[in-house]
file my_file-v4.cif (mmCIF, C-alpha atoms and all ligand atoms)
data_structure
loop_
_atom_site.group_PDB
_atom_site.id
_atom_site.type_symbol
_atom_site.label_atom_id
_atom_site.label_comp_id
_atom_site.auth_asym_id
_atom_site.auth_seq_id
_atom_site.Cartn_x
_atom_site.Cartn_y
_atom_site.Cartn_z
ATOM 1 C CA MET A 1 12.130 75.641 196.138
ATOM 2 C CA GLN A 2 12.394 77.938 193.113
ATOM 3 C CA LEU A 3 11.120 76.502 189.850
ATOM 4 C CA LEU A 4 12.180 77.516 186.343
ATOM 5 C CA MET A 5 10.634 76.146 183.178
ATOM 6 C CA ASP A 6 11.295 76.006 179.480
ATOM 7 C CA LEU A 7 8.429 77.236 177.259
ATOM 8 C CA ASP A 8 8.455 75.695 173.759
ATOM 9 C CA ASP A 9 7.446 72.024 173.750
ATOM 10 C CA THR A 10 7.354 72.075 177.560
ATOM 11 C CA LEU A 11 4.335 74.353 178.147
ATOM 12 C CA VAL A 12 3.121 75.073 174.617
ATOM 13 C CA ASN A 13 3.196 72.571 171.762
ATOM 14 C CA HIS A 14 5.434 74.699 169.565
ATOM 15 C CA SER A 15 6.520 71.884 167.217
ATOM 16 C CA LYS A 16 2.961 71.017 166.284
ATOM 17 C CA ALA A 17 2.023 74.694 165.847
ATOM 18 C CA GLN A 18 5.042 75.229 163.616
ATOM 19 C CA ARG A 19 4.238 72.125 161.562
ATOM 20 C CA VAL A 20 0.595 73.075 161.057
ATOM 21 C CA ALA A 21 1.323 76.747 160.339
ATOM 22 C CA SER A 22 4.172 76.136 157.898
ATOM 23 C CA ALA A 23 2.120 73.581 155.943
ATOM 24 C CA ARG A 24 -0.735 76.100 155.608
ATOM 25 C CA PHE A 25 1.687 78.864 154.663
ATOM 26 C CA GLY A 26 3.195 76.634 151.949
ATOM 27 C CA GLU A 27 -0.247 75.876 150.569
ATOM 28 C CA LEU A 28 -1.147 79.576 150.517
ATOM 29 C CA PHE A 29 1.987 80.596 148.615
ATOM 30 C CA ARG A 30 2.566 77.430 146.596
ATOM 31 C CA ARG A 31 2.625 79.331 143.301
ATOM 32 C CA GLU A 32 5.182 81.884 144.508
ATOM 33 C CA ILE A 33 7.597 79.530 146.260
ATOM 34 C CA PRO A 34 10.121 78.161 143.726
ATOM 35 C CA GLY A 35 10.192 74.346 143.660
ATOM 36 C CA TYR A 36 7.268 74.010 146.092
ATOM 37 C CA SER A 37 5.984 70.525 146.749
ATOM 38 C CA GLN A 38 3.697 69.491 149.574
ATOM 39 C CA GLU A 39 5.898 66.485 150.391
ATOM 40 C CA SER A 40 9.173 68.359 150.740
ATOM 41 C CA PHE A 41 7.919 71.683 152.123
ATOM 42 C CA GLU A 42 8.229 70.849 155.817
ATOM 43 C CA ARG A 43 11.841 69.783 155.286
ATOM 44 C CA VAL A 44 12.654 72.946 153.312
ATOM 45 C CA TRP A 45 10.928 75.181 155.878
ATOM 46 C CA ASN A 46 12.781 73.558 158.784
ATOM 47 C CA ARG A 47 16.165 73.714 157.072
ATOM 48 C CA ILE A 48 15.781 77.445 156.411
ATOM 49 C CA MET A 49 14.315 78.096 159.861
ATOM 50 C CA MET A 50 17.161 76.332 161.664
ATOM 51 C CA LYS A 51 19.806 78.112 159.591
ATOM 52 C CA TYR A 52 18.579 81.617 160.417
ATOM 53 C CA TYR A 53 17.236 80.945 163.915
ATOM 54 C CA GLN A 54 20.727 79.820 164.873
ATOM 55 C CA LYS A 55 22.055 83.151 163.616
ATOM 56 C CA PHE A 56 19.573 84.853 165.951
ATOM 57 C CA LEU A 57 20.720 82.672 168.862
ATOM 58 C CA ASP A 58 24.340 83.497 167.966
ATOM 59 C CA ARG A 59 23.300 87.174 167.955
ATOM 60 C CA GLU A 60 24.359 87.631 164.315
ATOM 61 C CA LEU A 61 20.789 88.639 163.371
ATOM 62 C CA SER A 62 17.991 90.289 165.314
ATOM 63 C CA PHE A 63 14.751 88.353 165.777
ATOM 64 C CA GLU A 64 13.146 90.314 162.941
ATOM 65 C CA GLU A 65 16.142 89.985 160.650
ATOM 66 C CA GLN A 66 16.102 86.200 160.914
ATOM 67 C CA GLN A 67 12.405 86.269 159.951
ATOM 68 C CA HIS A 68 13.157 88.392 156.884
ATOM 69 C CA SER A 69 16.118 86.233 155.846
ATOM 70 C CA ARG A 70 13.911 83.155 155.973
ATOM 71 C CA MET A 71 11.405 84.708 153.594
ATOM 72 C CA ARG A 72 14.139 85.864 151.180
ATOM 73 C CA GLU A 73 15.587 82.376 150.983
ATOM 74 C CA LEU A 74 12.229 80.590 150.814
ATOM 75 C CA PHE A 75 11.028 82.769 147.932
ATOM 76 C CA ASP A 76 14.523 82.823 146.388
ATOM 77 C CA ASN A 77 14.485 86.610 146.349
ATOM 78 C CA PRO A 78 17.646 88.032 147.974
ATOM 79 C CA GLY A 79 16.561 91.595 147.164
ATOM 80 C CA MET A 80 13.162 91.322 148.884
ATOM 81 C CA SER A 81 12.501 94.504 150.895
ATOM 82 C CA PRO A 82 12.193 94.326 154.694
ATOM 83 C CA GLU A 83 8.586 95.499 154.319
ATOM 84 C CA THR A 84 7.593 92.677 151.960
ATOM 85 C CA ALA A 85 9.525 90.077 153.980
ATOM 86 C CA GLY A 86 7.892 91.369 157.154
ATOM 87 C CA GLU A 87 4.415 91.184 155.642
ATOM 88 C CA LEU A 88 4.970 87.642 154.417
ATOM 89 C CA PHE A 89 6.304 86.535 157.774
ATOM 90 C CA ALA A 90 3.332 88.144 159.499
ATOM 91 C CA ARG A 91 1.061 85.834 157.488
ATOM 92 C CA TYR A 92 2.974 82.864 158.861
ATOM 93 C CA LEU A 93 2.890 84.283 162.400
ATOM 94 C CA ASP A 94 -0.897 84.581 162.295
ATOM 95 C CA LEU A 95 -1.127 80.905 161.381
ATOM 96 C CA TYR A 96 1.482 79.966 164.004
ATOM 97 C CA GLU A 97 -0.258 81.897 166.806
ATOM 98 C CA ALA A 98 -3.640 80.431 165.878
ATOM 99 C CA SER A 99 -2.105 76.982 166.435
ATOM 100 C CA TRP A 100 -0.659 77.575 169.925
ATOM 101 C CA GLU A 101 -1.950 75.011 172.405
ATOM 102 C CA THR A 102 -0.819 74.046 175.869
ATOM 103 C CA TYR A 103 -0.334 70.430 176.899
ATOM 104 C CA GLU A 104 -3.125 69.139 179.097
ATOM 105 C CA ASP A 105 -0.893 68.638 182.163
ATOM 106 C CA VAL A 106 0.350 72.255 182.179
ATOM 107 C CA VAL A 107 -2.484 74.066 183.960
ATOM 108 C CA PRO A 108 -2.950 71.342 186.634
ATOM 109 C CA PHE A 109 0.801 71.412 187.274
ATOM 110 C CA LEU A 110 1.044 75.205 187.518
ATOM 111 C CA THR A 111 -2.067 75.360 189.700
ATOM 112 C CA TRP A 112 -0.440 72.883 192.064
ATOM 113 C CA CYS A 113 2.798 74.921 192.154
ATOM 114 C CA VAL A 114 0.980 78.149 192.949
ATOM 115 C CA SER A 115 -1.171 76.545 195.651
ATOM 116 C CA HIS A 116 1.950 75.027 197.253
ATOM 117 C CA ASN A 117 3.878 78.312 197.190
ATOM 118 C CA HIS A 118 6.466 77.275 194.628
ATOM 119 C CA PRO A 119 7.197 80.405 192.592
ATOM 120 C CA VAL A 120 7.599 79.593 188.895
ATOM 121 C CA SER A 121 9.390 81.602 186.215
ATOM 122 C CA VAL A 122 10.141 80.889 182.580
ATOM 123 C CA LEU A 123 13.669 80.660 181.188
ATOM 124 C CA THR A 124 13.561 80.332 177.418
ATOM 125 C CA ASP A 125 15.541 80.911 174.254
ATOM 126 C CA GLY A 126 13.617 83.196 171.944
ATOM 127 C CA SER A 127 12.375 86.757 171.865
ATOM 128 C CA GLN A 128 10.874 88.532 174.859
ATOM 129 C CA LYS A 129 7.924 89.883 172.902
ATOM 130 C CA GLN A 130 6.968 86.601 171.256
ATOM 131 C CA GLN A 131 7.389 84.470 174.362
ATOM 132 C CA ASN A 132 5.346 86.915 176.463
ATOM 133 C CA ARG A 133 2.665 86.897 173.788
ATOM 134 C CA LYS A 134 2.659 83.099 173.757
ATOM 135 C CA LEU A 135 2.011 83.025 177.495
ATOM 136 C CA GLU A 136 -0.655 85.739 177.248
ATOM 137 C CA LEU A 137 -2.605 84.144 174.409
ATOM 138 C CA THR A 138 -2.533 80.667 175.946
ATOM 139 C CA GLY A 139 -3.671 82.036 179.318
ATOM 140 C CA LEU A 140 -0.519 80.912 181.138
ATOM 141 C CA ALA A 141 0.968 84.339 181.909
ATOM 142 C CA PRO A 142 -0.647 84.757 185.375
ATOM 143 C CA TYR A 143 1.100 81.632 186.683
ATOM 144 C CA PHE A 144 4.597 83.015 186.166
ATOM 145 C CA THR A 145 6.537 85.505 188.235
ATOM 146 C CA TYR A 146 9.079 86.379 185.507
ATOM 147 C CA VAL A 147 9.880 85.495 181.921
ATOM 148 C CA PHE A 148 13.616 85.397 181.157
ATOM 149 C CA THR A 149 14.571 85.161 177.493
ATOM 150 C CA ALA A 150 17.773 84.689 175.533
ATOM 151 C CA GLU A 151 17.117 88.004 173.823
ATOM 152 C CA GLU A 152 17.059 90.032 177.039
ATOM 153 C CA GLU A 153 19.652 88.053 178.971
ATOM 154 C CA LYS A 154 22.078 87.917 175.998
ATOM 155 C CA ARG A 155 22.716 84.225 176.690
ATOM 156 C CA THR A 156 21.353 81.041 175.191
ATOM 157 C CA LYS A 157 20.907 77.570 176.646
ATOM 158 C CA PRO A 158 22.948 75.604 177.599
ATOM 159 C CA ASP A 159 25.285 78.439 178.643
ATOM 160 C CA PRO A 160 25.648 77.918 182.433
ATOM 161 C CA LEU A 161 25.752 81.694 182.923
ATOM 162 C CA PHE A 162 22.211 81.950 181.519
ATOM 163 C CA PHE A 163 20.959 79.671 184.302
ATOM 164 C CA THR A 164 23.108 81.073 187.117
ATOM 165 C CA GLY A 165 22.467 84.684 186.045
ATOM 166 C CA VAL A 166 18.720 84.117 186.286
ATOM 167 C CA CYS A 167 19.106 82.446 189.716
ATOM 168 C CA GLU A 168 21.029 85.500 190.866
ATOM 169 C CA LYS A 169 18.234 87.813 189.676
ATOM 170 C CA LEU A 170 15.748 85.693 191.610
ATOM 171 C CA SER A 171 18.019 85.672 194.697
ATOM 172 C CA ALA A 172 17.813 81.875 194.520
ATOM 173 C CA LYS A 173 20.669 79.448 195.026
ATOM 174 C CA PRO A 174 21.171 77.243 191.951
ATOM 175 C CA SER A 175 21.147 74.239 194.309
ATOM 176 C CA ASP A 176 17.636 75.246 195.475
ATOM 177 C CA THR A 177 16.357 75.693 191.926
ATOM 178 C CA ILE A 178 14.734 73.154 189.622
ATOM 179 C CA TYR A 179 14.695 73.537 185.846
ATOM 180 C CA ILE A 180 12.266 71.508 183.737
ATOM 181 C CA GLY A 181 12.473 71.283 179.953
ATOM 182 C CA ASP A 182 11.896 68.959 177.014
ATOM 183 C CA ASN A 183 15.425 69.159 175.619
ATOM 184 C CA ARG A 184 17.718 66.635 177.245
ATOM 185 C CA GLU A 185 20.975 68.412 176.428
ATOM 186 C CA LYS A 186 20.094 72.109 176.515
ATOM 187 C CA ASP A 187 17.586 71.936 179.375
ATOM 188 C CA ALA A 188 18.252 69.018 181.709
ATOM 189 C CA LEU A 189 21.996 68.665 181.276
ATOM 190 C CA GLY A 190 22.563 72.394 180.771
ATOM 191 C CA ALA A 191 20.785 73.264 184.019
ATOM 192 C CA SER A 192 22.497 70.437 185.904
ATOM 193 C CA GLN A 193 25.915 71.563 184.732
ATOM 194 C CA ALA A 194 25.113 75.053 186.030
ATOM 195 C CA GLY A 195 24.413 73.588 189.484
ATOM 196 C CA LEU A 196 20.600 73.509 189.294
ATOM 197 C CA THR A 197 18.482 70.370 189.457
ATOM 198 C CA GLY A 198 17.704 69.718 185.800
ATOM 199 C CA ILE A 199 14.694 67.555 184.978
ATOM 200 C CA TRP A 200 14.204 66.193 181.471
ATOM 201 C CA LEU A 201 10.528 66.249 180.450
ATOM 202 C CA ASP A 202 10.464 63.269 178.097
ATOM 203 C CA ARG A 203 6.820 63.359 177.015
ATOM 204 C CA GLU A 204 7.374 60.762 174.314
ATOM 205 C CA ASN A 205 8.931 58.398 176.814
ATOM 206 C CA ARG A 206 11.867 57.727 174.527
ATOM 207 C CA ASP A 207 13.557 55.821 177.299
ATOM 208 C CA SER A 208 16.989 56.548 175.880
ATOM 209 C CA PRO A 209 19.939 56.304 178.260
ATOM 210 C CA PHE A 210 20.086 59.378 180.447
ATOM 211 C CA GLU A 211 22.221 60.061 183.465
ATOM 212 C CA GLY A 212 19.827 62.384 185.212
ATOM 213 C CA LEU A 213 16.274 63.038 186.326
ATOM 214 C CA ARG A 214 13.568 62.228 183.794
ATOM 215 C CA VAL A 215 9.775 62.519 183.958
ATOM 216 C CA THR A 216 7.237 61.629 181.268
ATOM 217 C CA SER A 217 4.692 64.277 182.293
ATOM 218 C CA LEU A 218 4.557 67.382 184.448
ATOM 219 C CA ILE A 219 2.191 65.579 186.806
ATOM 220 C CA ARG A 220 5.046 63.169 187.500
ATOM 221 C CA ALA A 221 7.232 66.129 188.428
ATOM 222 C CA ILE A 222 4.835 67.022 191.258
ATOM 223 C CA SER A 223 5.880 63.984 193.243
ATOM 224 C CA PHE A 224 9.476 65.084 192.879
ATOM 225 C CA LEU A 225 8.682 68.571 194.161
ATOM 226 C CA GLU A 226 6.699 67.133 197.045
ATOM 227 C CA GLU A 227 9.289 64.667 198.179
ATOM 228 C CA PRO A 228 12.668 65.107 196.513
ATOM 229 C CA ALA A 229 14.097 62.159 198.419
ATOM 230 C CA GLN A 230 11.424 59.771 197.178
ATOM 231 C CA ARG A 231 11.873 59.201 193.514
ATOM 232 C CA GLY A 232 9.305 56.984 191.922
ATOM 233 C CA GLU A 233 9.833 54.492 189.121
ATOM 234 C CA ASP A 234 9.410 57.233 186.560
ATOM 235 C CA TYR A 235 12.827 58.628 187.343
ATOM 236 C CA SER A 236 16.142 57.476 186.095
ATOM 237 C CA VAL A 237 18.672 58.793 188.555
ATOM 238 C CA SER A 238 22.381 59.067 187.977
ATOM 239 C CA LYS A 239 24.414 56.826 190.182
HETATM 240 MG MG MG B 301 11.795 73.367 174.582
#
call {"tool": "encode", "arguments": {"input": "my_file-v4.cif", "output": "C-alpha cells"}}
result
Amino acid sequence: MQLLMDLDDTLVNHSKAQRVASARFGELFRREIPGYSQESFERVWNRIMMKYYQKFLDRELSFEEQQHSRMRELFDNPGMSPETAGELFARYLDLYEASWETYEDVVPFLTWCVSHNHPVSVLTDGSQKQQNRKLELTGLAPYFTYVFTAEEEKRTKPDPLFFTGVCEKLSAKPSDTIYIGDNREKDALGASQAGLTGIWLDRENRDSPFEGLRVTSLIRAISFLEEPAQRGEDYSVSK
C-alpha cells in the first residue's frame, strides 16, 4: 500500500505557526502598518494572504511575487521595491519557521509506517523549497521517500491529475494508494475523486456529515492501514 500525505495542518501545525508569527510581525511593525490594531490584524493578514496565495496557486504569481504583493498591500505601498518587500517578508518567515511544530501523533505514525514497509511521500500545495525546509527543520524529512508540490507538478489540489500524476511517478495504482489530509474537500474528496482512497484527518472531531473515510488522529489511521476491511467506530463510511 502506497501512502501519500498532506503537509500543512496534517503533519505540521501551520495554522498555529501562521497565527503566532503574523501576530508578532504586526506587533513589530505596528507603527508602519497603516490602520494597525491588534484586534483586527489577524483578519487583515489572512485576507491579504488568501488573496495573493490564491494567485500563486493559480500560477498568476510566483511564490516570491505573492510574498512581495502581500507586503505592498499590508504597508499600503504599491511602489515598494522587491528588495524591501523581500526583506520585510523574510522577517515574517523567521517568525513563521520558529513556530513550526509537528503534531504529537506524527512521529509515532510515520515510525509505524516505515517499520511496516509502507512507503510514504508528501503531496502538498505550496513551494518545493519551503515545504522541503519545513520537513527538514521539523525532523520529518527522513520518513518520506518523495515530496511532490504544486509548484513542481504545476497542479493544485483538488485537481485529479495532481493525484494521478503523482501515482504514475510512483508506479502506484491510484486504487492501491491512500491519501491523508486535513482538508475535507481538497484532500479527502479530491483524492477519492481521482480514484485513490482519501482519508479526512478531522483532528477537531467536527463530526460534520461526510460521505467518506474520517479519522480523528493519525494513530486511528493505523488500524485502517493494518486491516482495511475492519473499520472501527472512528470511521464514517459512505454507503
Ligand atoms: Mg492541509
call {"tool": "resolve_selection", "arguments": {"input": "my_file-v4.cif", "expression": "the PyMOL selection byres (((chain A and resi 193) around 12) and not hetatm)", "output": "number ranges by chain"}}
result
A: 157-164, 174-175, 179, 185-192, 194-199, 212
call {"tool": "residues_near_ligand", "arguments": {"input": "my_file-v4.cif", "ligand": "ligand MG 301 (chain B)", "cutoff": "6 Å", "atoms": "only C-alpha atoms and all ligand atoms", "output": "list in words"}}
result
Asp6, Leu7, Asp8, Asp9, Thr10, Gly181, Asp182 and Asn183 of chain A
call {"tool": "atom_distance", "arguments": {"input": "my_file-v4.cif", "atom1": "atom CA of A:Phe75", "atom2": "atom CA of A:Glu32"}}
result
6.8 Å
call {"tool": "residues_around", "arguments": {"input": "my_file-v4.cif", "residues": "stretch 70-72 of chain A", "least_positions_apart": "2", "cutoff": "7 Å", "atoms": "all atoms listed in the file", "output": "VMD selection string"}}
result
chain A and resid 48 to 49 52 66 to 68 74 to 78 80 85 89
call {"tool": "residues_around", "arguments": {"input": "my_file-v4.cif", "residues": "A:Val120", "least_positions_apart": "4", "cutoff": "10 Å", "atoms": "all atoms listed in the file", "output": "list in words"}}
result
Met1, Gln2, Leu3, Leu4, Met5, Leu110, Cys113, Val114, Tyr143, Phe144, Thr145, Tyr146, Val147, Ile178 and Tyr179 of chain A
call {"tool": "axis_aligned_box", "arguments": {"input": "my_file-v4.cif", "around": "stretch 66-77 of chain A", "padding_each_side": "6 Å", "output": "AutoDock Vina command-line options"}}
result
--center_x 13.6 --center_y 84.5 --center_z 153.6 --size_x 17.1 --size_y 19.8 --size_z 26.6
call {"tool": "resolve_selection", "arguments": {"input": "my_file-v4.cif", "expression": "the PyMOL selection byres (((chain A and resi 12-28) around 6) and not hetatm)", "output": "VMD selection string"}}
result
chain A and resid 8 to 11 29 to 30 92 95 to 96 99 to 102
call {"tool": "atom_distance", "arguments": {"input": "my_file-v4.cif", "atom1": "atom CA of A:His118", "atom2": "atom CA of A:Val215"}}
result
18.5 Å
call {"tool": "closest_atom_pairs", "arguments": {"input": "my_file-v4.cif", "of": "stretch 5-103 of chain A", "to": "stretch 126-133 of chain A", "cutoff": "10 Å", "atoms": "all atoms listed in the file", "output": "CSV"}}
result
residue,atom,partner,partner_atom,distance
A:Leu7,CA,A:Gln131,CA,7.9
A:Asp8,CA,A:Gln131,CA,8.9
A:Tyr53,CA,A:Gly126,CA,9.1
A:Phe56,CA,A:Gly126,CA,8.6
A:Leu57,CA,A:Gly126,CA,7.8
A:Ser62,CA,A:Ser127,CA,9.3
A:Phe63,CA,A:Ser127,CA,6.7
A:Glu64,CA,A:Ser127,CA,9.6
A:Glu97,CA,A:Arg133,CA,9.1
call {"tool": "closest_residue", "arguments": {"input": "my_file-v4.cif", "among": "A:Thr156, A:Glu211, A:Met50, A:Leu123", "to": "A:Ile180", "atoms": "all atoms listed in the file"}}
result
A:Leu123
call {"tool": "closest_residue", "arguments": {"input": "my_file-v4.cif", "among": "A:Gly165, A:Pro82, A:Pro142, A:Pro209", "to": "A:Arg184", "atoms": "all atoms listed in the file"}}
result
A:Pro209
call {"tool": "atom_distance", "arguments": {"input": "my_file-v4.cif", "atom1": "atom CA of A:Glu83", "atom2": "atom CA of A:Glu65"}}
result
11.3 Å
